[in-house]
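Enquirer: See my_file.txt below, with compact mmCIF, C-alpha atoms (C1' of nucleotides).
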```txt
# COMPACT_ATOMS: atom_id res chain seq x y z
CA MET A 1 26.69 -3.25 -50.07
CA ALA A 2 27.40 -0.35 -52.42
CA ARG A 3 30.00 -0.65 -55.11
CA GLN A 4 33.13 1.20 -54.10
CA PRO A 5 33.71 4.44 -56.01
CA ALA A 6 37.44 3.59 -56.13
CA ARG A 7 39.76 3.72 -59.13
CA ARG A 8 37.68 2.57 -62.03
CA ASP A 9 40.16 3.35 -64.77
CA THR A 10 38.74 0.96 -67.32
CA THR A 11 35.56 1.63 -69.22
CA GLN A 12 32.51 -0.04 -67.74
CA PRO A 13 32.64 -3.68 -68.87
CA THR A 14 29.78 -5.22 -70.79
CA GLU A 15 26.82 -5.90 -68.57
CA THR A 16 27.00 -9.54 -67.65
CA THR A 17 25.17 -9.67 -64.36
CA GLN A 18 21.64 -9.97 -65.67
CA HIS A 19 19.50 -12.43 -63.78
CA THR A 20 19.41 -14.95 -66.58
CA GLY A 21 23.07 -15.63 -65.96
CA THR A 22 23.43 -16.95 -69.50
CA THR A 23 25.19 -13.99 -71.13
CA ARG A 24 28.73 -14.63 -72.26
CA ARG A 25 31.16 -11.84 -71.44
CA THR A 26 33.39 -10.53 -74.20
CA ASP A 27 36.19 -8.96 -72.13
CA PRO A 28 38.57 -10.67 -69.69
CA LEU A 29 37.54 -11.30 -66.10
CA THR A 30 39.03 -9.10 -63.39
CA VAL A 31 39.18 -9.46 -59.63
CA ASP A 32 37.19 -6.24 -59.39
CA ALA A 33 34.39 -7.60 -61.56
CA ILE A 34 34.37 -10.82 -59.52
CA VAL A 35 34.03 -8.94 -56.22
CA ASP A 36 31.33 -6.73 -57.81
CA ALA A 37 29.34 -9.79 -58.78
CA ALA A 38 29.86 -11.45 -55.39
CA CYS A 39 28.57 -8.32 -53.60
CA GLU A 40 25.53 -8.18 -55.86
CA LEU A 41 24.79 -11.84 -55.23
CA ILE A 42 25.05 -11.33 -51.46
CA ALA A 43 22.97 -8.16 -51.55
CA GLU A 44 20.22 -9.87 -53.54
CA ALA A 45 20.02 -13.25 -51.87
CA GLY A 46 22.31 -13.36 -48.86
CA LEU A 47 25.69 -14.91 -48.18
CA ALA A 48 24.31 -18.45 -48.46
CA ALA A 49 23.51 -17.74 -52.11
CA LEU A 50 27.15 -17.05 -52.91
CA SER A 51 28.70 -20.15 -54.41
CA MET A 52 31.59 -20.32 -56.84
CA ARG A 53 29.29 -21.97 -59.33
CA ARG A 54 26.56 -19.34 -59.12
CA LEU A 55 29.22 -16.65 -59.29
CA GLY A 56 30.44 -18.10 -62.58
CA ALA A 57 26.89 -18.16 -63.91
CA VAL A 58 26.30 -14.51 -62.98
CA LEU A 59 29.60 -13.56 -64.63
CA GLY A 60 28.68 -15.48 -67.77
CA VAL A 61 31.74 -17.66 -67.42
CA ASP A 62 32.66 -21.21 -66.53
CA PRO A 63 32.55 -21.50 -62.73
CA MET A 64 36.18 -22.56 -62.64
CA ALA A 65 37.40 -19.45 -64.49
CA VAL A 66 37.08 -17.52 -61.24
CA TYR A 67 39.85 -19.65 -59.74
CA HIS A 68 42.26 -18.02 -62.20
CA HIS A 69 41.86 -14.71 -60.38
CA VAL A 70 41.11 -15.76 -56.82
CA ASN A 71 42.76 -18.57 -54.89
CA ASN A 72 39.62 -19.94 -53.28
CA LYS A 73 36.34 -19.00 -51.70
CA ARG A 74 37.89 -17.88 -48.42
CA GLN A 75 40.06 -15.36 -50.24
CA LEU A 76 37.02 -14.16 -52.17
CA LEU A 77 35.17 -13.59 -48.88
CA SER A 78 38.22 -11.75 -47.58
CA LEU A 79 38.14 -9.43 -50.61
CA VAL A 80 34.41 -8.86 -50.19
CA THR A 81 34.91 -8.10 -46.50
CA ALA A 82 37.68 -5.62 -47.32
CA ARG A 83 35.39 -3.78 -49.72
CA VAL A 84 32.48 -3.70 -47.27
CA VAL A 85 34.61 -2.41 -44.40
CA GLY A 86 36.37 0.04 -46.72
CA ALA A 87 33.02 1.63 -47.48
CA MET A 88 32.65 2.70 -43.83
CA VAL A 89 32.08 6.43 -43.47
CA LEU A 90 34.46 7.81 -40.87
CA PRO A 91 33.34 10.65 -38.62
CA ALA A 92 34.97 14.11 -38.63
CA ALA A 93 38.31 14.22 -36.79
CA ASP A 94 37.88 17.58 -35.07
CA ALA A 95 35.20 16.78 -32.49
CA ALA A 96 35.62 15.93 -28.79
CA TRP A 97 37.04 12.46 -28.14
CA ALA A 98 33.73 11.03 -26.87
CA VAL A 99 31.90 12.29 -29.94
CA ARG A 100 34.50 10.68 -32.18
CA VAL A 101 34.30 7.39 -30.27
CA ARG A 102 30.53 7.34 -30.66
CA GLY A 103 30.71 8.37 -34.32
CA TRP A 104 33.18 5.62 -35.13
CA ALA A 105 31.20 2.99 -33.24
CA ASP A 106 27.92 4.00 -34.88
CA ALA A 107 29.45 3.88 -38.37
CA TYR A 108 31.05 0.49 -37.78
CA TRP A 109 27.86 -0.85 -36.18
CA ALA A 110 25.92 0.07 -39.31
CA VAL A 111 28.43 -1.75 -41.52
CA VAL A 112 28.38 -4.90 -39.39
CA VAL A 113 24.59 -4.97 -39.05
CA ALA A 114 24.24 -4.68 -42.83
CA ASN A 115 26.65 -7.60 -43.33
CA ARG A 116 25.97 -9.81 -40.35
CA ASP A 117 26.67 -13.24 -41.74
CA LEU A 118 29.72 -12.07 -43.65
CA VAL A 119 31.20 -10.70 -40.41
CA ALA A 120 30.14 -13.81 -38.49
CA ALA A 121 31.96 -15.95 -41.05
CA GLY A 122 34.93 -13.60 -40.92
CA LEU A 123 35.27 -13.66 -37.16
CA ALA A 124 35.46 -17.43 -37.26
CA ASP A 125 37.98 -17.46 -40.11
CA PRO A 126 41.29 -15.57 -39.86
CA VAL A 127 41.67 -15.45 -43.65
CA VAL A 128 38.34 -13.68 -44.03
CA ALA A 129 38.98 -11.48 -40.99
CA ALA A 130 42.26 -10.32 -42.52
CA GLY A 131 40.22 -8.55 -45.22
CA GLY A 132 38.18 -6.83 -42.57
CA ILE A 133 40.68 -5.40 -40.15
CA PRO A 134 38.69 -2.26 -39.62
CA LEU A 135 40.12 1.19 -39.90
CA VAL A 136 40.78 1.43 -36.19
CA ALA A 137 43.34 4.23 -36.36
CA PRO A 138 40.76 7.04 -35.88
CA LEU A 139 39.21 5.14 -32.99
CA THR A 140 42.60 4.66 -31.36
CA GLU A 141 43.28 8.39 -31.64
CA ALA A 142 39.91 9.26 -30.14
CA VAL A 143 40.42 6.89 -27.19
CA ALA A 144 43.95 8.19 -26.64
CA ASP A 145 42.64 11.78 -26.58
CA SER A 146 40.51 10.90 -23.55
CA GLY A 147 43.70 11.24 -21.51
CA ILE A 148 43.60 7.64 -20.37
CA ARG A 149 46.88 5.88 -19.45
CA ALA A 150 48.71 4.79 -22.61
CA ALA A 151 48.63 1.12 -21.64
CA LEU A 152 44.85 1.26 -21.45
CA VAL A 153 44.29 2.67 -24.95
CA GLU A 154 44.55 -0.61 -26.84
CA PRO A 155 42.31 -2.70 -24.53
CA ASN A 156 39.64 0.01 -24.67
CA VAL A 157 39.84 0.13 -28.46
CA TRP A 158 39.23 -3.63 -28.52
CA LEU A 159 36.42 -3.23 -26.01
CA ILE A 160 34.63 -0.94 -28.44
CA VAL A 161 35.37 -3.04 -31.53
CA ASP A 162 34.28 -6.22 -29.77
CA PHE A 163 31.13 -4.62 -28.38
CA VAL A 164 30.19 -3.49 -31.89
CA HIS A 165 30.74 -7.01 -33.22
CA GLY A 166 28.72 -8.64 -30.46
CA ALA A 167 25.92 -6.09 -30.50
CA ALA A 168 25.54 -6.13 -34.27
CA LEU A 169 25.69 -9.92 -34.53
CA GLY A 170 23.25 -10.23 -31.62
CA ALA A 171 20.71 -8.72 -33.94
CA ALA A 172 19.99 -12.27 -35.03
CA ALA A 173 19.09 -13.34 -31.52
CA PRO A 174 15.43 -13.83 -30.75
CA LEU A 175 13.67 -12.00 -27.91
CA ARG A 176 15.85 -8.93 -28.19
CA HIS A 177 13.87 -7.12 -30.84
CA ALA A 178 11.18 -7.67 -33.45
CA ALA A 179 12.53 -9.23 -36.60
CA ASP A 180 12.07 -6.16 -38.75
CA ASP A 181 12.75 -3.31 -36.34
CA LEU A 182 16.30 -2.62 -35.21
CA THR A 183 15.38 0.51 -33.23
CA PRO A 184 15.44 -1.06 -29.73
CA LEU A 185 18.71 -2.79 -30.58
CA ARG A 186 20.16 0.54 -31.66
CA ALA A 187 18.98 2.21 -28.47
CA ALA A 188 20.54 -0.50 -26.32
CA PHE A 189 23.77 -0.13 -28.28
CA ALA A 190 23.82 3.63 -27.59
CA ALA A 191 23.27 2.97 -23.88
CA GLY A 192 26.12 0.48 -23.86
CA LEU A 193 28.37 3.10 -25.43
CA ASP A 194 27.34 5.49 -22.65
CA THR A 195 28.69 3.05 -20.08
CA ILE A 196 31.95 2.60 -21.99
CA VAL A 197 32.46 6.37 -22.35
CA ALA A 198 31.68 6.85 -18.66
CA GLY A 199 34.14 4.10 -17.80
CA ILE A 200 36.91 5.65 -19.88
CA GLU A 201 36.18 9.04 -18.33
CA ALA A 202 36.38 7.54 -14.84
CA GLN A 203 39.70 5.87 -15.66
CA ALA A 204 41.06 9.07 -17.21
CA GLY A 205 40.08 11.22 -14.25
CA GLY A 206 41.50 8.87 -11.61
CA MET B 1 32.70 -29.87 -24.55
CA ALA B 2 32.07 -32.12 -21.58
CA ARG B 3 29.09 -34.42 -21.49
CA GLN B 4 26.42 -33.00 -19.25
CA PRO B 5 25.90 -34.87 -15.98
CA ALA B 6 22.13 -34.44 -16.42
CA ARG B 7 19.46 -37.13 -16.01
CA ARG B 8 20.92 -40.25 -17.52
CA ASP B 9 18.25 -42.64 -16.39
CA THR B 10 18.97 -45.31 -18.98
CA THR B 11 21.92 -47.65 -18.79
CA GLN B 12 24.93 -46.59 -20.80
CA PRO B 13 24.18 -47.60 -24.42
CA THR B 14 26.49 -49.88 -26.33
CA GLU B 15 29.67 -48.11 -27.41
CA THR B 16 29.15 -47.06 -30.97
CA THR B 17 31.43 -44.07 -31.28
CA GLN B 18 34.63 -45.90 -32.14
CA HIS B 19 36.64 -44.27 -34.88
CA THR B 20 35.88 -46.97 -37.38
CA GLY B 21 32.27 -45.85 -37.44
CA THR B 22 31.20 -49.23 -38.71
CA THR B 23 29.68 -50.65 -35.53
CA ARG B 24 25.95 -51.27 -35.64
CA ARG B 25 24.06 -50.17 -32.55
CA THR B 26 21.68 -52.61 -30.94
CA ASP B 27 19.45 -50.21 -29.01
CA PRO B 28 17.23 -47.41 -30.34
CA LEU B 29 18.65 -44.00 -31.08
CA THR B 30 17.88 -41.14 -28.69
CA VAL B 31 18.23 -37.39 -29.02
CA ASP B 32 20.67 -37.51 -26.13
CA ALA B 33 22.90 -40.04 -27.87
CA ILE B 34 22.77 -37.96 -31.06
CA VAL B 35 23.85 -34.79 -29.24
CA ASP B 36 26.57 -36.79 -27.45
CA ALA B 37 27.95 -37.97 -30.77
CA ALA B 38 27.71 -34.50 -32.33
CA CYS B 39 29.67 -33.00 -29.44
CA GLU B 40 32.35 -35.68 -29.74
CA LEU B 41 32.64 -35.09 -33.48
CA ILE B 42 33.00 -31.33 -32.91
CA ALA B 43 35.48 -31.80 -30.08
CA GLU B 44 37.62 -34.13 -32.16
CA ALA B 45 37.60 -32.43 -35.54
CA GLY B 46 35.78 -29.12 -35.30
CA LEU B 47 32.35 -27.92 -36.34
CA ALA B 48 33.17 -28.30 -40.04
CA ALA B 49 33.52 -32.05 -39.46
CA LEU B 50 29.95 -32.34 -38.24
CA SER B 51 27.75 -33.53 -41.08
CA MET B 52 24.55 -35.49 -40.84
CA ARG B 53 26.18 -38.27 -42.83
CA ARG B 54 29.28 -38.50 -40.62
CA LEU B 55 27.03 -38.35 -37.58
CA GLY B 56 25.15 -41.38 -38.83
CA ALA B 57 28.42 -43.20 -39.41
CA VAL B 58 29.64 -42.45 -35.88
CA LEU B 59 26.32 -43.62 -34.45
CA GLY B 60 26.50 -46.82 -36.51
CA VAL B 61 23.24 -46.00 -38.21
CA ASP B 62 21.95 -44.92 -41.60
CA PRO B 63 22.58 -41.16 -41.89
CA MET B 64 18.88 -40.53 -42.41
CA ALA B 65 17.86 -42.24 -39.18
CA VAL B 66 18.91 -39.12 -37.30
CA TYR B 67 16.12 -37.19 -39.01
CA HIS B 68 13.64 -39.28 -37.08
CA HIS B 69 14.77 -37.66 -33.83
CA VAL B 70 15.85 -34.20 -34.96
CA ASN B 71 14.13 -31.97 -37.49
CA ASN B 72 17.25 -30.82 -39.30
CA LYS B 73 20.84 -29.75 -38.84
CA ARG B 74 19.96 -26.31 -37.51
CA GLN B 75 17.93 -27.85 -34.71
CA LEU B 76 20.79 -30.21 -33.97
CA LEU B 77 23.16 -27.24 -33.66
CA SER B 78 20.63 -25.56 -31.40
CA LEU B 79 20.60 -28.62 -29.13
CA VAL B 80 24.39 -28.76 -29.10
CA THR B 81 24.53 -25.05 -28.27
CA ALA B 82 22.08 -25.52 -25.41
CA ARG B 83 24.24 -28.27 -23.95
CA VAL B 84 27.45 -26.26 -24.28
CA VAL B 85 25.97 -23.15 -22.69
CA GLY B 86 24.26 -25.24 -20.03
CA ALA B 87 27.67 -26.51 -18.93
CA MET B 88 28.70 -23.00 -17.92
CA VAL B 89 29.85 -22.80 -14.30
CA LEU B 90 28.09 -19.93 -12.57
CA PRO B 91 29.92 -17.94 -9.89
CA ALA B 92 28.80 -17.79 -6.28
CA ALA B 93 25.85 -15.49 -5.65
CA ASP B 94 27.02 -13.94 -2.39
CA ALA B 95 29.89 -11.76 -3.57
CA ALA B 96 29.89 -8.03 -4.34
CA TRP B 97 28.10 -7.08 -7.56
CA ALA B 98 31.32 -6.27 -9.45
CA VAL B 99 32.84 -9.60 -8.49
CA ARG B 100 29.74 -11.42 -9.71
CA VAL B 101 29.75 -9.46 -12.98
CA ARG B 102 33.38 -10.39 -13.57
CA GLY B 103 32.82 -13.99 -12.57
CA TRP B 104 29.88 -14.39 -14.92
CA ALA B 105 31.72 -12.75 -17.81
CA ASP B 106 34.83 -14.87 -17.29
CA ALA B 107 32.81 -18.08 -17.19
CA TYR B 108 30.83 -17.20 -20.32
CA TRP B 109 33.99 -16.04 -22.11
CA ALA B 110 35.58 -19.44 -21.48
CA VAL B 111 32.53 -21.21 -22.93
CA VAL B 112 32.44 -19.04 -26.03
CA VAL B 113 36.19 -19.25 -26.67
CA ALA B 114 36.02 -23.03 -26.42
CA ASN B 115 33.17 -23.12 -28.95
CA ARG B 116 33.94 -20.22 -31.23
CA ASP B 117 32.58 -21.43 -34.53
CA LEU B 118 29.49 -22.90 -32.94
CA VAL B 119 28.69 -19.53 -31.37
CA ALA B 120 29.58 -17.70 -34.59
CA ALA B 121 27.13 -19.91 -36.46
CA GLY B 122 24.57 -19.40 -33.71
CA LEU B 123 24.77 -15.63 -33.70
CA ALA B 124 24.02 -15.61 -37.41
CA ASP B 125 21.13 -18.07 -37.07
CA PRO B 126 18.21 -17.39 -34.71
CA VAL B 127 17.29 -21.07 -34.55
CA VAL B 128 20.75 -21.97 -33.28
CA ALA B 129 20.89 -18.92 -31.02
CA ALA B 130 17.64 -19.99 -29.39
CA GLY B 131 19.50 -22.98 -27.96
CA GLY B 132 22.12 -20.70 -26.51
CA ILE B 133 20.22 -17.99 -24.74
CA PRO B 134 22.69 -17.86 -21.92
CA LEU B 135 21.77 -18.01 -18.30
CA VAL B 136 21.71 -14.24 -17.95
CA ALA B 137 19.57 -14.11 -14.81
CA PRO B 138 22.56 -14.07 -12.40
CA LEU B 139 24.23 -11.39 -14.51
CA THR B 140 21.08 -9.28 -14.47
CA GLU B 141 20.91 -9.54 -10.70
CA ALA B 142 24.56 -8.57 -10.33
CA VAL B 143 24.15 -5.52 -12.57
CA ALA B 144 20.96 -4.49 -10.78
CA ASP B 145 22.76 -4.71 -7.42
CA SER B 146 25.15 -1.99 -8.59
CA GLY B 147 22.38 0.47 -7.78
CA ILE B 148 22.12 1.68 -11.35
CA ARG B 149 18.79 3.10 -12.61
CA ALA B 150 16.39 0.27 -13.43
CA ALA B 151 16.08 1.30 -17.06
CA LEU B 152 19.83 0.93 -17.47
CA VAL B 153 20.07 -2.64 -16.19
CA GLU B 154 19.08 -4.39 -19.39
CA PRO B 155 21.30 -2.39 -21.76
CA ASN B 156 24.28 -2.97 -19.49
CA VAL B 157 23.56 -6.69 -19.36
CA TRP B 158 23.60 -6.76 -23.16
CA LEU B 159 26.77 -4.69 -23.18
CA ILE B 160 28.50 -7.41 -21.17
CA VAL B 161 27.02 -10.30 -23.15
CA ASP B 162 27.88 -8.64 -26.46
CA PHE B 163 31.39 -7.77 -25.33
CA VAL B 164 31.98 -11.40 -24.37
CA HIS B 165 30.75 -12.55 -27.77
CA GLY B 166 32.88 -10.07 -29.67
CA ALA B 167 35.98 -10.58 -27.57
CA ALA B 168 35.81 -14.36 -27.66
CA LEU B 169 35.08 -14.51 -31.38
CA GLY B 170 37.84 -12.00 -32.05
CA ALA B 171 40.21 -14.71 -30.91
CA ALA B 172 40.24 -15.80 -34.55
CA ALA B 173 41.46 -12.42 -35.73
CA PRO B 174 45.10 -12.17 -36.76
CA LEU B 175 47.51 -9.66 -35.19
CA ARG B 176 45.76 -9.70 -31.86
CA HIS B 177 47.55 -12.66 -30.35
CA ALA B 178 49.74 -15.59 -31.31
CA ALA B 179 47.74 -18.48 -32.66
CA ASP B 180 48.32 -20.75 -29.69
CA ASP B 181 48.40 -18.33 -26.77
CA LEU B 182 45.21 -16.71 -25.56
CA THR B 183 46.86 -14.97 -22.59
CA PRO B 184 47.07 -11.45 -24.12
CA LEU B 185 43.50 -11.77 -25.36
CA ARG B 186 42.40 -12.72 -21.86
CA ALA B 187 44.27 -9.78 -20.35
CA ALA B 188 42.67 -7.35 -22.81
CA PHE B 189 39.28 -8.83 -21.97
CA ALA B 190 39.85 -8.24 -18.24
CA ALA B 191 40.86 -4.63 -18.95
CA GLY B 192 37.70 -4.12 -21.01
CA LEU B 193 35.65 -5.43 -18.10
CA ASP B 194 37.41 -2.88 -15.85
CA THR B 195 36.10 -0.09 -18.07
CA ILE B 196 32.58 -1.50 -18.03
CA VAL B 197 32.56 -1.87 -14.25
CA ALA B 198 33.95 1.66 -13.85
CA GLY B 199 31.26 2.95 -16.23
CA ILE B 200 28.47 1.24 -14.30
CA GLU B 201 29.89 2.59 -11.03
CA ALA B 202 29.99 6.11 -12.48
CA GLN B 203 26.38 5.82 -13.65
CA ALA B 204 25.27 4.39 -10.30
CA GLY B 205 26.97 7.12 -8.29
CA GLY B 206 25.52 9.99 -10.41
C1' DA C 1 47.43 -16.32 -70.34
C1' DC C 2 43.03 -17.44 -69.77
C1' DC C 3 39.02 -20.36 -69.98
C1' DT C 4 36.52 -24.98 -70.23
C1' DG C 5 34.48 -29.37 -68.86
C1' DA C 6 34.79 -33.55 -66.72
C1' DA C 7 35.63 -35.53 -62.47
C1' DC C 8 36.31 -36.22 -57.26
C1' DA C 9 34.67 -36.22 -52.92
C1' DC C 10 31.56 -34.43 -50.56
C1' DC C 11 26.88 -31.80 -48.68
C1' DG C 12 21.41 -31.44 -46.50
C1' DT C 13 17.16 -33.28 -47.24
C1' DT C 14 12.95 -35.96 -49.32
C1' DC C 15 10.57 -39.92 -49.92
C1' DA C 16 9.00 -44.53 -50.76
C1' DA C 17 10.07 -48.86 -49.01
C1' DG C 18 11.22 -52.02 -45.63
C1' DT C 19 11.01 -54.28 -40.58
C1' DA D 1 7.64 -46.66 -34.66
C1' DC D 2 11.86 -46.67 -36.42
C1' DC D 3 15.34 -47.40 -39.86
C1' DT D 4 17.11 -47.89 -44.78
C1' DG D 5 18.66 -46.76 -49.42
C1' DA D 6 18.10 -44.49 -53.52
C1' DA D 7 17.60 -40.10 -55.35
C1' DC D 8 17.61 -34.84 -55.90
C1' DA D 9 19.84 -30.77 -56.11
C1' DC D 10 23.49 -28.96 -54.79
C1' DC D 11 28.72 -27.80 -52.87
C1' DG D 12 34.44 -26.47 -53.29
C1' DT D 13 38.25 -27.76 -55.73
C1' DT D 14 41.69 -30.31 -59.00
C1' DC D 15 43.33 -31.16 -63.30
C1' DA D 16 44.09 -32.14 -68.05
C1' DA D 17 42.68 -30.16 -72.19
C1' DG D 18 41.60 -26.57 -75.16
C1' DT D 19 42.20 -21.53 -77.42
```
Mind turning the file's structure into structure tokens?
Expert:
Amino acid sequence: MARQPARRDTTQPTETTQHTGTTRRTDPLTVDAIVDAACELIAEAGLAALSMRRLGAVLGVDPMAVYHHVNNKRQLLSLVTARVVGAMVLPAADAAWAVRVRGWADAYWAVVVANRDLVAAGLADPVVAAGGIPLVAPLTEAVADSGIRAALVEPNVWLIVDFVHGAALGAAAPLRHAADDLTPLRAAFAAGLDTIVAGIEAQAGG
Amino acid sequence: MARQPARRDTTQPTETTQHTGTTRRTDPLTVDAIVDAACELIAEAGLAALSMRRLGAVLGVDPMAVYHHVNNKRQLLSLVTARVVGAMVLPAADAAWAVRVRGWADAYWAVVVANRDLVAAGLADPVVAAGGIPLVAPLTEAVADSGIRAALVEPNVWLIVDFVHGAALGAAAPLRHAADDLTPLRAAFAAGLDTIVAGIEAQAGG
DNA sequence: ACCTGAACACCGTTCAAGT
DNA sequence: ACCTGAACACCGTTCAAGT
């Protein structure tokens, strides 16, 4: 969950995210700093470790101060989701449609696998999901370039998005792979994409 | 979330699930009665309303009594998941493979849509997911009957299972359908299945 | 404008004590 | 064997008060 390289027009604020959590900050809180701290907390100890109270401690601030910049925890999760999804690395736009479909799916799969419980929470909660509407435009273009009927573009985009969600979240399921090795899961995902690409091709050629 | 018609070899226990929650039960607690009450609570007020304390109240029992029959809340959710998935209506086994694939996917989709947050919680938690390993055997047979290469059967089974998960959980996402009408979501799901079936056909015929 | 601290209404779970 | 009740260590959020 890397910090976004986005507009960082202020000087780096005083370091307040030491593990003691006792440091008092000297400069005003910002939404950006709050999301930074939330991402760090999640990266270090998982989504379950993210509470408004712990977040305040990490920021060196009264837990309730956060509510002055963020409506509630759901909105915070939505902001975190937006940052995570925004960090997705999109594939080059000049390859063949099938290559672009695979590239997009692989990139999104990696993001979802790395943030499984965040995405699981988001899928169940429209407020959180709103922060994570993925950058589907390049995928839509790639699917459209297959030559498929226009009415079939959108359902096939959702097929791919939904397959990524299910496959990445299924990483938690037992019996599908060893706990610490995602390789077989990744291979099965690639094979599933093969079927989807073959299906789109068949529908485009018919 | 219908009560399972399974072995109910004891007489119906005294009604203790009235909304007052104050009734004291006269007969000993059973795991079955606990799962019954949990399902009712979820059906009435959603997964968020299911707490060990409220469960005790509904059962007319000290909240901690439940811990004598169930290890913890995760195991309870696993048991609830097992019951929900076990209620899935499997399609007839004598149809063409594509019909059986579609029938299985439709039936599982209905189960997952009706229990979205339970499944979302389960996908993120292996203990819960263990209760929900769906009855994939009929799906595996249907996919195998397509004539596809043996090595491709399992990945395509997961493709379908994962697509169902993603599509059903995506029902919470905004902009994809009106809050109270799942019809467009269902139509998109059917179209996605078309692509998968076409893809399997293409791979089988190659 | 921004932050604090007490308070409200909850959680899951442990553990010694009861019957 | 089974249930109870107090206790522990937490939650998200509201709200009046401070600076």
Enquirer: Set the cut-off to 9 Å and count all atoms listed in the file: what are the residues of chain B that reach chain C? Output as a list in words.
Expert: Ser51, Met52, Arg53, Met64, Asn72 and Lys73 of chain B
Enquirer: What does the file look like for those residues with C-alpha atoms, as a PDB file, in the frame of the given file?
Expert:
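This went into part_23.pdb:
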```
ATOM      1  CA  SER B  51      27.750 -33.530 -41.080  1.00  0.00           C
ATOM      2  CA  MET B  52      24.550 -35.490 -40.840  1.00  0.00           C
ATOM      3  CA  ARG B  53      26.180 -38.270 -42.830  1.00  0.00           C
ATOM      4  CA  MET B  64      18.880 -40.530 -42.410  1.00  0.00           C
ATOM      5  CA  ASN B  72      17.250 -30.820 -39.300  1.00  0.00           C
ATOM      6  CA  LYS B  73      20.840 -29.750 -38.840  1.00  0.00           C
TER       7      LYS B  73
END
```
Enquirer: Could you list the residues in chain A lying within 7 Å of chain B, using only C-alpha atoms, and format the result as a ChimeraX atom specification?
Expert: /A:116-117,120,123-126,129-130,155-156,159,162-163,165-167,169-170,172-174,188,191-192,195-196,198-200,202
Enquirer: If we count only C-alpha atoms (C1' of nucleotides) and set the cut-off at 10 Å, which residues sit around Gly131 in chain B, ignoring sequence neighbours fewer than 6 positions away in its own chain? Please answer as a list in words.
Expert: Gln75, Leu76, Leu77, Ser78, Leu79, Val80, Thr81, Ala82, Arg83, Val84, Val85, Gly86 and Gly122 of chain B
Enquirer: With C-alpha atoms kept, could you save the residues just selected as a PDB file, keeping the file's coordinate frame?
Expert:
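So the final result, stored in out-v1.pdb, reads:
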```
ATOM      1  CA  GLN B  75      17.930 -27.850 -34.710  1.00  0.00           C
ATOM      2  CA  LEU B  76      20.790 -30.210 -33.970  1.00  0.00           C
ATOM      3  CA  LEU B  77      23.160 -27.240 -33.660  1.00  0.00           C
ATOM      4  CA  SER B  78      20.630 -25.560 -31.400  1.00  0.00           C
ATOM      5  CA  LEU B  79      20.600 -28.620 -29.130  1.00  0.00           C
ATOM      6  CA  VAL B  80      24.390 -28.760 -29.100  1.00  0.00           C
ATOM      7  CA  THR B  81      24.530 -25.050 -28.270  1.00  0.00           C
ATOM      8  CA  ALA B  82      22.080 -25.520 -25.410  1.00  0.00           C
ATOM      9  CA  ARG B  83      24.240 -28.270 -23.950  1.00  0.00           C
ATOM     10  CA  VAL B  84      27.450 -26.260 -24.280  1.00  0.00           C
ATOM     11  CA  VAL B  85      25.970 -23.150 -22.690  1.00  0.00           C
ATOM     12  CA  GLY B  86      24.260 -25.240 -20.030  1.00  0.00           C
ATOM     13  CA  GLY B 122      24.570 -19.400 -33.710  1.00  0.00           C
TER      14      GLY B 122
END
```
Enquirer: Produce the centre coordinates and the three edge lengths, each in Å to one decimal, of the box along x, y and z that contains all listed atoms of range 24-41 of chain A with 3 Å added on each side, as JSON.
Expert:
```
{"center_x": 32.0, "center_y": -10.4, "center_z": -63.9, "size_x": 20.4, "size_y": 14.4, "size_z": 26.6}
```
Enquirer: To one decimal in Å, tell me the separation between CA of Val113 in chain B and CA of Glu44 in chain B.
Expert: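 If I compute the distance from CA of Val113 in chain B to CA of Glu44 in chain B, I get 15.9 Å.
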Enquirer: State, in Å with one decimal place, the distance from CA of Leu135 in chain B to CA of Val112 in chain B.
Expert: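 Distance reported for this atom pair: 13.2 Å.
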Enquirer: Would you compute the distance between CA of Asp32 in chain A and CA of Val70 in chain A? Give it in Å to one decimal.
Expert: 10.6 Å
